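J.: Compact mmCIF, C-alpha atoms, file start_26.txt:
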# COMPACT_ATOMS: atom_id res chain seq x y z
CA MET T 1 -70.37 26.86 -28.40
CA ASP T 2 -67.56 29.39 -28.94
CA HIS T 3 -64.43 28.06 -30.62
CA ILE T 4 -61.41 29.77 -29.02
CA VAL T 5 -58.30 29.50 -31.20
CA ILE T 6 -54.88 30.41 -29.77
CA ILE T 7 -51.91 30.74 -32.13
CA GLY T 8 -48.79 29.97 -30.10
CA ASN T 9 -48.09 27.41 -27.35
CA GLY T 10 -45.76 29.45 -25.14
CA ILE T 11 -46.44 30.50 -21.56
CA SER T 12 -49.09 33.10 -22.57
CA GLY T 13 -51.15 30.88 -24.84
CA VAL T 14 -51.03 27.84 -22.57
CA THR T 15 -51.89 29.85 -19.42
CA LEU T 16 -54.86 31.35 -21.29
CA ALA T 17 -56.08 27.91 -22.41
CA ARG T 18 -55.78 26.44 -18.90
CA HIS T 19 -57.67 29.33 -17.29
CA ILE T 20 -60.44 29.35 -19.93
CA ARG T 21 -60.88 25.62 -19.26
CA LYS T 22 -61.10 26.23 -15.49
CA LEU T 23 -63.82 28.84 -16.11
CA SER T 24 -65.84 27.30 -18.99
CA ASP T 25 -66.45 24.39 -21.34
CA LYS T 26 -65.68 26.37 -24.54
CA LYS T 27 -63.93 24.57 -27.40
CA ILE T 28 -60.19 25.43 -27.27
CA THR T 29 -57.54 24.83 -29.93
CA ILE T 30 -53.84 25.72 -29.55
CA ILE T 31 -51.83 25.98 -32.78
CA SER T 32 -48.03 25.73 -32.84
CA ALA T 33 -45.49 25.20 -35.59
CA GLU T 34 -42.59 24.80 -33.13
CA THR T 35 -43.29 21.77 -30.91
CA ASP T 36 -46.10 19.29 -30.23
CA TYR T 37 -46.30 20.24 -26.56
CA PHE T 38 -45.68 23.28 -24.38
CA PHE T 39 -42.21 23.48 -22.82
CA SER T 40 -40.44 25.94 -20.54
CA ARG T 41 -38.34 28.15 -22.83
CA THR T 42 -36.17 29.37 -19.96
CA ALA T 43 -35.06 25.76 -19.27
CA LEU T 44 -33.56 25.14 -22.74
CA MET T 45 -30.09 26.15 -21.55
CA TYR T 46 -30.12 23.49 -18.83
CA VAL T 47 -30.83 20.74 -21.40
CA TYR T 48 -27.65 21.66 -23.29
CA MET T 49 -25.70 21.91 -20.02
CA GLY T 50 -26.78 18.36 -19.11
CA HIS T 51 -28.82 19.31 -16.03
CA MET T 52 -32.06 17.91 -17.50
CA LYS T 53 -33.54 16.16 -20.54
CA PHE T 54 -35.87 17.98 -22.96
CA GLU T 55 -38.93 16.07 -21.67
CA HIS T 56 -38.22 17.52 -18.20
CA THR T 57 -38.91 21.01 -19.65
CA GLN T 58 -42.55 20.02 -20.31
CA PRO T 59 -44.57 20.99 -17.20
CA TYR T 60 -47.58 18.87 -18.23
CA GLU T 61 -47.79 15.18 -19.11
CA ASN T 62 -48.84 14.46 -22.71
CA TRP T 63 -52.24 13.13 -21.50
CA PHE T 64 -53.02 16.49 -19.81
CA TRP T 65 -54.28 18.16 -23.00
CA LYS T 66 -56.80 15.48 -23.97
CA LYS T 67 -58.05 15.14 -20.40
CA ASN T 68 -58.64 18.90 -20.26
CA ARG T 69 -60.20 18.97 -23.74
CA ILE T 70 -57.58 21.33 -25.16
CA GLU T 71 -56.98 20.43 -28.80
CA LEU T 72 -53.42 20.77 -30.12
CA LYS T 73 -52.82 21.45 -33.80
CA LYS T 74 -49.30 21.42 -35.23
CA GLY T 75 -49.13 23.73 -38.22
CA TYR T 76 -48.03 27.11 -39.54
CA VAL T 77 -50.67 29.82 -40.03
CA LYS T 78 -49.95 31.64 -43.29
CA ASN T 79 -52.62 34.33 -42.96
CA VAL T 80 -55.74 35.36 -41.06
CA CYS T 81 -59.00 36.48 -42.68
CA THR T 82 -60.80 38.43 -39.96
CA LYS T 83 -63.89 39.08 -42.12
CA SER T 84 -64.73 35.39 -42.47
CA LYS T 85 -63.01 34.49 -39.14
CA THR T 86 -60.83 31.90 -40.86
CA LEU T 87 -57.18 30.86 -40.51
CA HIS T 88 -55.30 29.69 -43.60
CA PHE T 89 -52.42 27.25 -43.10
CA ASP T 90 -49.34 26.94 -45.30
CA LYS T 91 -50.41 23.41 -46.38
CA GLY T 92 -53.77 24.64 -47.69
CA GLU T 93 -55.97 23.74 -44.69
CA THR T 94 -58.31 26.23 -43.06
CA MET T 95 -59.77 26.59 -39.56
CA PRO T 96 -62.72 28.75 -38.47
CA TYR T 97 -62.69 30.57 -35.11
CA ASP T 98 -65.12 32.55 -32.96
CA LYS T 99 -62.43 34.26 -30.90
CA LEU T 100 -58.78 34.42 -31.96
CA ILE T 101 -55.81 35.03 -29.66
CA ILE T 102 -52.39 35.79 -31.12
CA ALA T 103 -49.66 34.54 -28.77
CA THR T 104 -46.86 33.89 -31.25
CA GLY T 105 -43.99 35.28 -29.16
CA SER T 106 -40.73 36.56 -30.65
CA LYS T 107 -37.94 35.69 -33.04
CA PRO T 108 -34.23 36.66 -32.81
CA ASN T 109 -33.24 39.91 -34.52
CA LYS T 110 -31.26 39.69 -37.73
CA PHE T 111 -29.85 42.95 -39.01
CA GLY T 112 -29.12 41.93 -42.58
CA TRP T 113 -25.52 40.86 -41.93
CA PRO T 114 -23.88 39.17 -44.92
CA GLY T 115 -23.73 35.44 -44.21
CA GLN T 116 -26.40 35.45 -41.49
CA GLU T 117 -28.18 32.48 -43.14
CA SER T 118 -25.06 30.24 -43.02
CA ASN T 119 -25.14 26.84 -41.28
CA GLY T 120 -24.09 27.31 -37.67
CA VAL T 121 -25.76 30.73 -37.25
CA MET T 122 -28.58 30.62 -34.72
CA GLY T 123 -30.50 32.43 -32.02
CA MET T 124 -31.19 30.85 -28.63
CA TYR T 125 -34.94 31.12 -28.38
CA HIS T 126 -36.59 28.09 -30.02
CA LYS T 127 -36.26 24.34 -29.58
CA GLN T 128 -34.84 24.28 -33.13
CA ASP T 129 -32.01 26.55 -31.90
CA LEU T 130 -31.13 23.98 -29.24
CA GLU T 131 -31.09 21.21 -31.87
CA ASN T 132 -28.89 23.40 -34.08
CA LEU T 133 -26.48 24.04 -31.23
CA GLU T 134 -26.19 20.31 -30.46
CA LYS T 135 -25.40 19.70 -34.12
CA HIS T 136 -22.81 22.48 -34.61
CA ALA T 137 -21.36 22.71 -31.09
CA PRO T 138 -21.56 19.26 -29.46
CA ASN T 139 -18.01 19.69 -28.07
CA LYS T 140 -14.78 21.69 -28.44
CA ASP T 141 -13.41 19.30 -31.09
CA VAL T 142 -16.26 20.05 -33.50
CA CYS T 143 -16.66 23.70 -32.48
CA LYS T 144 -13.22 25.29 -32.01
CA ARG T 145 -14.75 28.69 -31.14
CA ALA T 146 -18.17 30.33 -30.97
CA VAL T 147 -18.89 34.03 -31.45
CA ILE T 148 -21.90 35.59 -29.70
CA VAL T 149 -23.30 38.84 -31.09
CA GLY T 150 -25.29 41.02 -28.66
CA GLY T 151 -24.89 41.56 -24.96
CA GLY T 152 -28.28 40.91 -23.39
CA LEU T 153 -29.59 38.17 -21.09
CA ILE T 154 -29.85 35.57 -23.86
CA GLY T 155 -26.25 36.31 -24.89
CA ILE T 156 -24.90 35.67 -21.40
CA GLU T 157 -26.95 32.45 -21.15
CA LEU T 158 -25.52 31.20 -24.43
CA ALA T 159 -21.99 32.08 -23.23
CA GLU T 160 -22.58 30.05 -20.07
CA MET T 161 -23.91 27.10 -22.10
CA LEU T 162 -20.88 26.99 -24.42
CA ASN T 163 -18.55 27.56 -21.47
CA SER T 164 -20.01 24.46 -19.77
CA ARG T 165 -18.68 22.36 -22.68
CA LYS T 166 -15.27 24.12 -22.64
CA ILE T 167 -15.93 25.74 -26.04
CA PRO T 168 -13.98 29.03 -26.34
CA VAL T 169 -16.28 32.06 -26.71
CA THR T 170 -15.79 35.53 -28.16
CA PHE T 171 -18.55 37.90 -27.07
CA LEU T 172 -19.22 40.98 -29.26
CA VAL T 173 -21.05 43.72 -27.35
CA ARG T 174 -22.01 46.94 -29.11
CA GLU T 175 -22.14 48.99 -25.87
CA ASP T 176 -19.02 50.23 -24.09
CA SER T 177 -19.97 48.23 -20.97
CA PHE T 178 -22.09 45.08 -20.65
CA TRP T 179 -25.88 45.75 -20.66
CA ASN T 180 -25.32 49.36 -19.56
CA GLY T 181 -28.53 50.43 -21.30
CA VAL T 182 -30.25 48.66 -18.39
CA LEU T 183 -27.71 48.42 -15.56
CA PRO T 184 -26.13 51.28 -13.63
CA GLU T 185 -22.39 51.79 -14.14
CA GLY T 186 -21.03 49.94 -11.09
CA GLU T 187 -23.07 46.80 -11.79
CA SER T 188 -22.31 46.74 -15.49
CA GLU T 189 -18.57 47.02 -14.82
CA MET T 190 -18.73 44.23 -12.22
CA ILE T 191 -20.38 41.96 -14.83
CA ASN T 192 -17.64 42.87 -17.38
CA ARG T 193 -15.04 41.62 -14.91
CA HIS T 194 -17.07 38.50 -14.06
CA ILE T 195 -17.38 37.54 -17.75
CA LYS T 196 -13.62 37.94 -18.27
CA ASN T 197 -12.92 35.90 -15.12
CA HIS T 198 -14.70 33.01 -16.87
CA HIS T 199 -12.11 33.20 -19.70
CA ILE T 200 -14.68 34.59 -22.13
CA ASP T 201 -13.19 36.94 -24.72
CA LEU T 202 -15.42 39.99 -24.12
CA ARG T 203 -15.13 42.67 -26.84
CA LEU T 204 -16.89 45.89 -25.85
CA SER T 205 -17.82 48.68 -28.33
CA THR T 206 -17.54 46.03 -31.06
CA ASN T 207 -19.90 45.31 -33.96
CA LEU T 208 -20.23 42.43 -36.40
CA LYS T 209 -19.56 43.30 -40.04
CA GLU T 210 -20.10 39.95 -41.76
CA ILE T 211 -20.16 36.18 -41.35
CA LYS T 212 -18.00 34.12 -43.73
CA SER T 213 -18.76 30.55 -44.71
CA ASP T 214 -16.88 27.71 -46.42
CA GLU T 215 -17.80 26.01 -49.71
CA ASN T 216 -20.45 23.88 -47.90
CA GLY T 217 -22.20 26.93 -46.45
CA ASN T 218 -20.88 26.33 -42.90
CA VAL T 219 -19.65 29.24 -40.77
CA LYS T 220 -15.86 29.59 -40.86
CA SER T 221 -15.24 33.09 -39.45
CA ILE T 222 -16.59 36.55 -38.68
CA ILE T 223 -15.24 40.00 -39.53
CA ILE T 224 -15.30 42.81 -36.96
CA GLU T 225 -16.68 46.12 -38.22
CA GLU T 226 -14.30 48.49 -36.41
CA THR T 227 -10.94 46.80 -37.08
CA GLY T 228 -11.53 44.37 -39.95
CA GLU T 229 -10.14 41.58 -37.72
CA GLU T 230 -11.17 38.07 -38.78
CA ILE T 231 -12.02 35.56 -36.03
CA ALA T 232 -12.21 31.88 -36.99
CA CYS T 233 -15.31 30.18 -35.54
CA ASN T 234 -17.82 27.38 -36.21
CA VAL T 235 -20.89 28.85 -34.51
CA VAL T 236 -22.35 32.36 -34.42
CA GLY T 237 -25.04 33.06 -31.81
CA LEU T 238 -27.27 36.03 -32.71
CA THR T 239 -28.56 37.38 -29.40
CA ALA T 240 -29.05 41.05 -30.28
CA GLY T 241 -32.60 41.16 -28.95
CA VAL T 242 -35.87 39.78 -30.29
CA THR T 243 -38.75 41.05 -32.45
CA PRO T 244 -42.45 40.07 -32.29
CA ASN T 245 -43.18 37.09 -34.54
CA ILE T 246 -46.03 38.63 -36.57
CA ASP T 247 -45.01 38.49 -40.25
CA PHE T 248 -48.04 36.29 -41.07
CA LEU T 249 -50.37 39.18 -40.09
CA LYS T 250 -48.92 41.74 -42.52
CA ASP T 251 -51.84 41.36 -44.99
CA SER T 252 -54.59 41.23 -42.33
CA GLU T 253 -56.80 44.04 -41.05
CA ILE T 254 -55.21 43.76 -37.60
CA GLU T 255 -53.34 46.91 -36.55
CA LEU T 256 -49.61 46.34 -36.17
CA GLY T 257 -46.75 48.44 -34.80
CA ARG T 258 -43.61 46.56 -33.82
CA GLY T 259 -46.07 44.08 -32.35
CA VAL T 260 -49.84 43.53 -32.46
CA LYS T 261 -51.41 46.73 -31.07
CA VAL T 262 -53.66 46.15 -28.06
CA ASN T 263 -55.54 48.21 -25.48
CA ARG T 264 -55.52 47.62 -21.72
CA PHE T 265 -58.02 44.76 -22.21
CA LEU T 266 -55.60 43.09 -24.68
CA GLU T 267 -58.10 43.68 -27.51
CA THR T 268 -56.92 44.51 -31.03
CA ASN T 269 -58.74 46.88 -33.40
CA ILE T 270 -60.75 43.88 -34.71
CA LYS T 271 -63.63 42.48 -32.68
CA ASP T 272 -62.94 39.02 -31.18
CA VAL T 273 -59.20 39.21 -31.94
CA TYR T 274 -56.75 39.60 -29.03
CA ALA T 275 -52.97 39.47 -28.52
CA ILE T 276 -50.93 38.46 -25.46
CA GLY T 277 -47.32 37.83 -24.49
CA ASP T 278 -44.30 39.35 -26.17
CA CYS T 279 -45.97 39.77 -29.56
CA ALA T 280 -48.48 42.22 -28.00
CA GLU T 281 -47.73 45.96 -28.03
CA GLN T 282 -49.64 48.29 -25.70
CA HIS T 283 -50.99 51.42 -27.47
CA GLU T 284 -49.72 53.39 -24.49
CA ALA T 285 -47.02 52.05 -22.19
CA ILE T 286 -48.16 51.21 -18.64
CA GLY T 287 -46.15 53.48 -16.32
CA ASN T 288 -42.41 53.08 -16.95
CA ARG T 289 -42.90 49.72 -18.65
CA ARG T 290 -42.05 49.21 -22.29
CA PRO T 291 -44.99 48.79 -24.69
CA ILE T 292 -43.68 45.27 -25.52
CA GLU T 293 -42.37 43.10 -22.71
CA ALA T 294 -40.51 39.87 -23.45
CA VAL T 295 -40.81 38.61 -19.88
CA TRP T 296 -42.11 35.21 -18.77
CA TYR T 297 -44.27 36.36 -15.87
CA THR T 298 -46.07 39.16 -17.75
CA GLY T 299 -46.95 36.62 -20.46
CA ARG T 300 -48.49 34.42 -17.80
CA MET T 301 -50.39 37.38 -16.26
CA MET T 302 -51.80 38.38 -19.66
CA GLY T 303 -53.06 34.82 -20.16
CA GLU T 304 -54.78 34.81 -16.74
CA THR T 305 -56.33 38.26 -17.32
CA LEU T 306 -57.64 37.56 -20.81
CA ALA T 307 -59.21 34.26 -19.72
CA GLN T 308 -61.48 36.26 -17.40
CA THR T 309 -62.50 38.62 -20.24
CA ILE T 310 -63.20 35.78 -22.68
CA CYS T 311 -65.34 34.03 -20.06
CA GLY T 312 -67.52 37.11 -19.48
CA ASN T 313 -65.72 38.95 -16.66
CA LYS T 314 -64.01 41.77 -18.58
CA ILE T 315 -60.95 43.00 -16.67
CA GLU T 316 -58.01 45.24 -17.45
CA TYR T 317 -54.44 43.98 -17.64
CA LYS T 318 -52.57 45.38 -14.61
CA PRO T 319 -49.04 44.04 -14.32
CA GLY T 320 -48.25 45.79 -11.02
CA HIS T 321 -44.70 46.74 -9.97
CA TRP T 322 -41.91 45.76 -12.36
CA PHE T 323 -39.67 42.88 -11.34
CA ASN T 324 -37.35 40.50 -13.11
CA SER T 325 -34.59 38.01 -12.37
CA ALA T 326 -31.75 36.45 -14.33
CA LYS T 327 -28.34 34.89 -13.92
CA PHE T 328 -24.99 36.27 -15.08
CA LEU T 329 -22.92 33.06 -15.07
CA ASP T 330 -22.56 32.43 -11.28
CA ILE T 331 -24.21 35.68 -10.14
CA GLU T 332 -27.97 35.80 -9.53
CA TYR T 333 -29.66 39.09 -10.40
CA GLN T 334 -33.01 40.44 -9.21
CA THR T 335 -34.67 43.79 -9.81
CA TYR T 336 -37.79 45.28 -8.21
CA GLY T 337 -39.31 48.62 -9.15
CA TRP T 338 -37.22 50.92 -11.35
CA VAL T 339 -33.44 51.36 -11.28
CA PHE T 340 -32.39 53.06 -14.50
CA GLY T 341 -29.04 52.53 -16.18
CA VAL T 342 -26.80 55.26 -17.49
CA ARG T 343 -29.19 56.05 -20.35
CA GLY T 344 -32.72 57.28 -19.76
CA ARG T 345 -32.32 57.94 -16.04
CA PRO T 346 -34.75 60.65 -14.83
CA GLU T 347 -33.18 63.74 -13.26
CA TYR T 348 -34.82 63.11 -9.89
CA GLU T 349 -33.44 59.56 -9.57
CA LYS T 350 -30.48 59.08 -7.23
CA HIS T 351 -28.65 55.83 -6.46
CA PHE T 352 -27.08 54.27 -3.39
CA HIS T 353 -24.58 51.58 -4.48
CA TRP T 354 -22.84 49.02 -2.28
CA LYS T 355 -20.41 46.37 -3.52
CA HIS T 356 -18.83 43.52 -1.58
CA SER T 357 -15.05 43.23 -1.66
CA ASP T 358 -15.26 39.83 -3.46
CA ASP T 359 -16.63 41.65 -6.56
CA THR T 360 -19.60 39.26 -7.01
CA LYS T 361 -22.22 40.86 -4.74
CA CYS T 362 -23.73 44.32 -4.87
CA ILE T 363 -26.96 46.25 -4.47
CA THR T 364 -28.16 49.50 -6.02
CA VAL T 365 -31.12 51.30 -4.45
CA ALA T 366 -32.85 54.00 -6.51
CA TYR T 367 -34.77 56.80 -4.79
CA ASN T 368 -36.24 60.20 -5.52
CA LYS T 369 -33.64 62.78 -4.43
CA ASP T 370 -36.35 65.38 -3.70
CA THR T 371 -38.77 63.22 -1.69
CA ASN T 372 -36.50 60.27 -0.65
CA GLU T 373 -39.21 57.87 -1.92
CA PHE T 374 -37.87 54.36 -2.66
CA LEU T 375 -38.13 53.69 -6.42
CA GLY T 376 -36.44 50.32 -6.88
CA ILE T 377 -33.55 47.99 -6.12
CA ASN T 378 -31.12 45.78 -8.07
CA THR T 379 -29.44 42.95 -6.20
CA PHE T 380 -26.55 40.80 -7.41
CA GLY T 381 -25.47 37.68 -5.54
CA ILE T 382 -27.93 38.30 -2.67
CA ARG T 383 -31.40 36.76 -2.93
CA MET T 384 -34.29 38.97 -1.86
CA ARG T 385 -38.04 38.44 -1.34
CA HIS T 386 -40.37 39.72 -4.03
CA GLU T 387 -43.37 40.20 -1.68
CA THR T 388 -41.41 42.50 0.64
CA PHE T 389 -40.29 44.91 -2.08
CA ASP T 390 -43.71 44.80 -3.72
CA LYS T 391 -45.22 45.90 -0.40
CA TRP T 392 -42.65 48.67 0.17
CA LEU T 393 -43.17 50.04 -3.35
CA THR T 394 -46.96 50.08 -2.84
CA GLU T 395 -46.55 51.74 0.56
CA LYS T 396 -44.15 54.30 -1.00
CA ARG T 397 -41.58 53.76 1.75
CA ASN T 398 -38.59 56.09 1.92
CA VAL T 399 -35.01 55.03 1.21
CA ASP T 400 -33.96 55.20 4.90
CA TYR T 401 -36.68 52.74 5.85
CA VAL T 402 -35.67 50.31 3.07
CA ILE T 403 -31.94 50.37 3.91
CA ASN T 404 -32.63 49.89 7.62
CA HIS T 405 -35.05 47.01 7.02
CA LEU T 406 -33.20 45.19 4.22
CA SER T 407 -32.69 42.11 6.42
CA GLU T 408 -36.50 41.60 6.39
CA ALA T 409 -36.40 41.30 2.61
CA ASN T 410 -33.49 38.86 2.55
CA PHE T 411 -34.06 35.22 1.66
CA ASP T 412 -31.32 34.08 3.99
CA PRO T 413 -31.08 36.42 7.00
CA GLU T 414 -28.02 34.62 8.49
CA PHE T 415 -26.11 34.96 5.22
CA TYR T 416 -27.23 38.57 4.95
CA SER T 417 -26.08 39.51 8.47
CA LYS T 418 -22.49 39.26 7.19
CA PHE T 419 -23.12 42.28 4.94
CA GLU T 420 -25.67 44.23 6.96
CA ASN T 421 -23.26 46.41 8.95
CA ASP T 422 -21.13 47.14 5.89
CA ILE T 423 -24.19 48.18 3.83
CA LEU T 424 -25.47 50.43 6.62
CA SER T 425 -22.12 52.14 7.24
CA THR T 426 -21.57 52.64 3.48
CA TYR T 427 -25.03 54.19 3.24
CA ASN T 428 -24.44 56.51 6.23
CA ASN T 429 -21.04 57.55 4.81
CA GLN T 430 -22.58 58.35 1.42
CA LEU T 431 -25.29 60.41 3.13
CA GLN T 432 -22.71 62.42 5.08
CA THR T 433 -20.60 62.96 1.95
CA ALA T 434 -23.70 64.11 0.06
For this file, write the structure as structure tokens.

T.:
Amino acid sequence: MDHIVIIGNGISGVTLARHIRKLSDKKITIISAETDYFFSRTALMYVYMGHMKFEHTQPYENWFWKKNRIELKKGYVKNVCTKSKTLHFDKGETMPYDKLIIATGSKPNKFGWPGQESNGVMGMYHKQDLENLEKHAPNKDVCKRAVIVGGGLIGIELAEMLNSRKIPVTFLVREDSFWNGVLPEGESEMINRHIKNHHIDLRLSTNLKEIKSDENGNVKSIIIEETGEEIACNVVGLTAGVTPNIDFLKDSEIELGRGVKVNRFLETNIKDVYAIGDCAEQHEAIGNRRPIEAVWYTGRMMGETLAQTICGNKIEYKPGHWFNSAKFLDIEYQTYGWVFGVRGRPEYEKHFHWKHSDDTKCITVAYNKDTNEFLGINTFGIRMRHETFDKWLTEKRNVDYVINHLSEANFDPEFYSKFENDILSTYNNQLQTA
């Protein structure tokens, strides 16, 4: 009987294990050095904010694994010998496999800043980060100020977490407007204002130079690159993106780029070795998607797809239309299809932008200026239905159709009717002006 070994117990690895078990009676082992059981990474922030306990982040009861004959092994894999199909652990143990799946996820970027190993410096990705945060920032008496470095989605989550405990936050963002590598101008500027309205000290076009620590190795301040200003703080959150967690494969035969290189079937260059989730890097990007995607739902889809292949029904990974969702403090964000920010926007892409007068709701619709084909939408503060936009993107609807049928896509049509006329008249005015 095949022994399937999965390194990593995140959403990709666990989805794969569950679906292999549904389809077969193969022997399955999941290896993790982080936690005994799978937990929902996206829920970590709510534990710190007091909305739930850590055990509530575990979707499956502890008996689930034994009942489903999925073996769990806590340990750190030091290296992989693909010739003998053996894993070597840091404590000297070994484990043979028939098929190996690498699902080790990501780790926070560190850019070699002086002092980045000090006590009180952390990412916000692992359970250990949450434990670290509880230790160094339990309240505003222990943590007088926190500095967050990097303006992505994890950065804004960490700001919200600290804000919930009234801990003052300085937010260093390298770009000249928040997340403007992804968001169009109007949206990015609205989020700048929203962050400042929450009394967060947002510093745009600002880089970290170094982290200073006291005689006990605890963070005491940071120095800003541009001005040399010193800001006293007790916690530094490094949220300047993530990198695939693949250092243990450096000496193996497995082909690596930034991540583990895979084809459309999620196969590596070595027979019986696969990679899924945000440590996997597509040889060629799929459409406009990035070769590595650190997104929860694509990790789940890769797990479901690969389970079919491993159980004899070889199928290609097809993620479909891009979508994502997040929260910027109080503002919910959703994106469907492609709406490019200031950088990297194709020449043919044109935007229609509408913003509510309360400065917390807006939509941006992207379309092809030559053909009027609908390309994508960003919504802030207005919840929309995934299925509707997925259908319109597949049907290649034009922008007029989408604007005139937006109420069909809205989660709450009554709520939406308050904006409908304003959106339509703004759109018609922009058309006439154009």

J.: Under the rule that all atoms listed in the file are counted, which of T:His51, T:Lys91, T:Lys209, T:Arg343 is the nearest residue to Tyr76 in chain T?

T.: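 Looking at the shortest contact to Tyr76 in chain T, the residue is T:Lys91.
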
J.: Quick one: 3 Å padding each side, axis-aligned, all listed atoms of range 405-417 of chain T - centre and edge lengths in Å to one decimal, as AutoDock Vina command-line options?

T.:
--center_x -31.3 --center_y 40.5 --center_z 5.1 --size_x 16.4 --size_y 18.9 --size_z 12.8

J.: Within 9 Å of (-23.3, 26.4, -40.9), in the coordinates the file gives, what residues turn up when you count all atoms listed in the file, written out as number ranges by chain?

T.: T: 117-121, 136, 213-214, 216-220, 234-236

J.: Using all atoms listed in the file, determine which residues lie at most 8 Å from range 300-305 of chain T, disregarding the query and same-chain residues fewer than 3 positions distant; provide the list as a PDB file with C-alpha atoms, in the coordinates of the input.

T.:
ATOM      1  CA  ILE T  11     -46.440  30.500 -21.560  1.00  0.00           C
ATOM      2  CA  SER T  12     -49.090  33.100 -22.570  1.00  0.00           C
ATOM      3  CA  GLY T  13     -51.150  30.880 -24.840  1.00  0.00           C
ATOM      4  CA  VAL T  14     -51.030  27.840 -22.570  1.00  0.00           C
ATOM      5  CA  THR T  15     -51.890  29.850 -19.420  1.00  0.00           C
ATOM      6  CA  LEU T  16     -54.860  31.350 -21.290  1.00  0.00           C
ATOM      7  CA  ALA T  17     -56.080  27.910 -22.410  1.00  0.00           C
ATOM      8  CA  HIS T  19     -57.670  29.330 -17.290  1.00  0.00           C
ATOM      9  CA  LEU T 266     -55.600  43.090 -24.680  1.00  0.00           C
ATOM     10  CA  ILE T 276     -50.930  38.460 -25.460  1.00  0.00           C
ATOM     11  CA  GLY T 277     -47.320  37.830 -24.490  1.00  0.00           C
ATOM     12  CA  TRP T 296     -42.110  35.210 -18.770  1.00  0.00           C
ATOM     13  CA  TYR T 297     -44.270  36.360 -15.870  1.00  0.00           C
ATOM     14  CA  GLN T 308     -61.480  36.260 -17.400  1.00  0.00           C
ATOM     15  CA  THR T 309     -62.500  38.620 -20.240  1.00  0.00           C
ATOM     16  CA  ILE T 315     -60.950  43.000 -16.670  1.00  0.00           C
ATOM     17  CA  GLU T 316     -58.010  45.240 -17.450  1.00  0.00           C
ATOM     18  CA  TYR T 317     -54.440  43.980 -17.640  1.00  0.00           C
ATOM     19  CA  PRO T 319     -49.040  44.040 -14.320  1.00  0.00           C
TER      20      PRO T 319
END

J.: In Å, rounded to a single decimal, give me how far CA of Ile156 in chain T is from CA of Met45 in chain T.

T.: 10.8 Å

J.: By how many Å are CA of Phe89 in chain T and CA of Asn245 in chain T apart?

T.: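 Separation of CA of Phe89 in chain T and CA of Asn245 in chain T: 16.0 Å.
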
J.: For Lys369 in chain T, list every protein, DNA or RNA residue within 10 Å, evaluated using only C-alpha atoms, and leave out those in the same chain fewer than 4 positions away; present the list as an MDAnalysis selection string.

T.: chainID T and resid 347:351 373:374 399

J.: Residues near range 423-427 of chain T, anyone? I mean within 9 Å using only C-alpha atoms, not counting same-chain ones fewer than 3 positions away, as a ChimeraX atom specification.

T.: /T:352-356,363,403-404,419-420,430-432

J.: What does the structure give for the distance between CA of Gly287 in chain T and CA of Glu387 in chain T, in Å to one decimal?

T.: 20.0 Å

J.: Out of T:Leu329, T:Leu208, T:Ile70, T:Cys143, which residue has the shortest atom-to-atom distance to Lys26 in chain T when counting only C-alpha atoms?

T.: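 Nearest candidate to Lys26 in chain T out of T:Leu329, T:Leu208, T:Ile70, T:Cys143: T:Ile70.
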
J.: Counting all atoms listed in the file, select every polymer residue within 8 Å of (-45.0, 30.4, -27.4) as defined in the file's coordinates, and provide the selection as a tab-separated table (two decimals) with C-alpha atoms, in the coordinates of the input.

T.:
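Writing done, so here's out37.tsv:
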chain	number	residue	atom	x	y	z
T	8	GLY	CA	-48.79	29.97	-30.10
T	9	ASN	CA	-48.09	27.41	-27.35
T	10	GLY	CA	-45.76	29.45	-25.14
T	11	ILE	CA	-46.44	30.50	-21.56
T	12	SER	CA	-49.09	33.10	-22.57
T	13	GLY	CA	-51.15	30.88	-24.84
T	32	SER	CA	-48.03	25.73	-32.84
T	38	PHE	CA	-45.68	23.28	-24.38
T	103	ALA	CA	-49.66	34.54	-28.77
T	104	THR	CA	-46.86	33.89	-31.25
T	105	GLY	CA	-43.99	35.28	-29.16

J.: So that I can check the surroundings of His199 in chain T, please list as a ChimeraX atom specification every protein, DNA and RNA residue that reaches within 9 Å of it, counting only C-alpha atoms and ignoring chain neighbours fewer than 6 positions away.

T.: /T:163,168-169

J.: Choose the residue, out of T:Asp272, T:Leu306, T:Gly228, T:Asn197, that has the smallest atom-to-atom separation from Ile211 in chain T; count all atoms listed in the file.

T.: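 Among the listed residues, T:Gly228 lies closest to Ile211 in chain T.
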
J.: Hey, which of T:Pro96, T:Pro184, T:Gly150, T:Gly259 ends up closest to Phe111 in chain T? Count only C-alpha atoms.

T.: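 Closest to Phe111 in chain T, using only C-alpha atoms: T:Gly150.
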
J.: Would you pick out the contacts of Phe54 in chain T at 8 Å or less, using only C-alpha atoms, so that residues sharing its chain but fewer than 4 positions from it are not included, and give the list as an MDAnalysis selection string?

T.: chainID T and resid 44 47 58

J.: Just checking: using only C-alpha atoms, which residue out of T:Phe178, T:Phe415, T:Phe39, T:Trp113 ends up closest to Val342 in chain T?

T.: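 The closest residue to Val342 in chain T is T:Phe178.
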
J.: Rank T:Glu210, T:Glu185, T:Glu253, T:Asp98 by their smallest atom-to-atom distance to Val149 in chain T, using all atoms listed in the file, and report the top residue only.

T.: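 Answer, going by the shortest atom-to-atom distance: T:Glu210.
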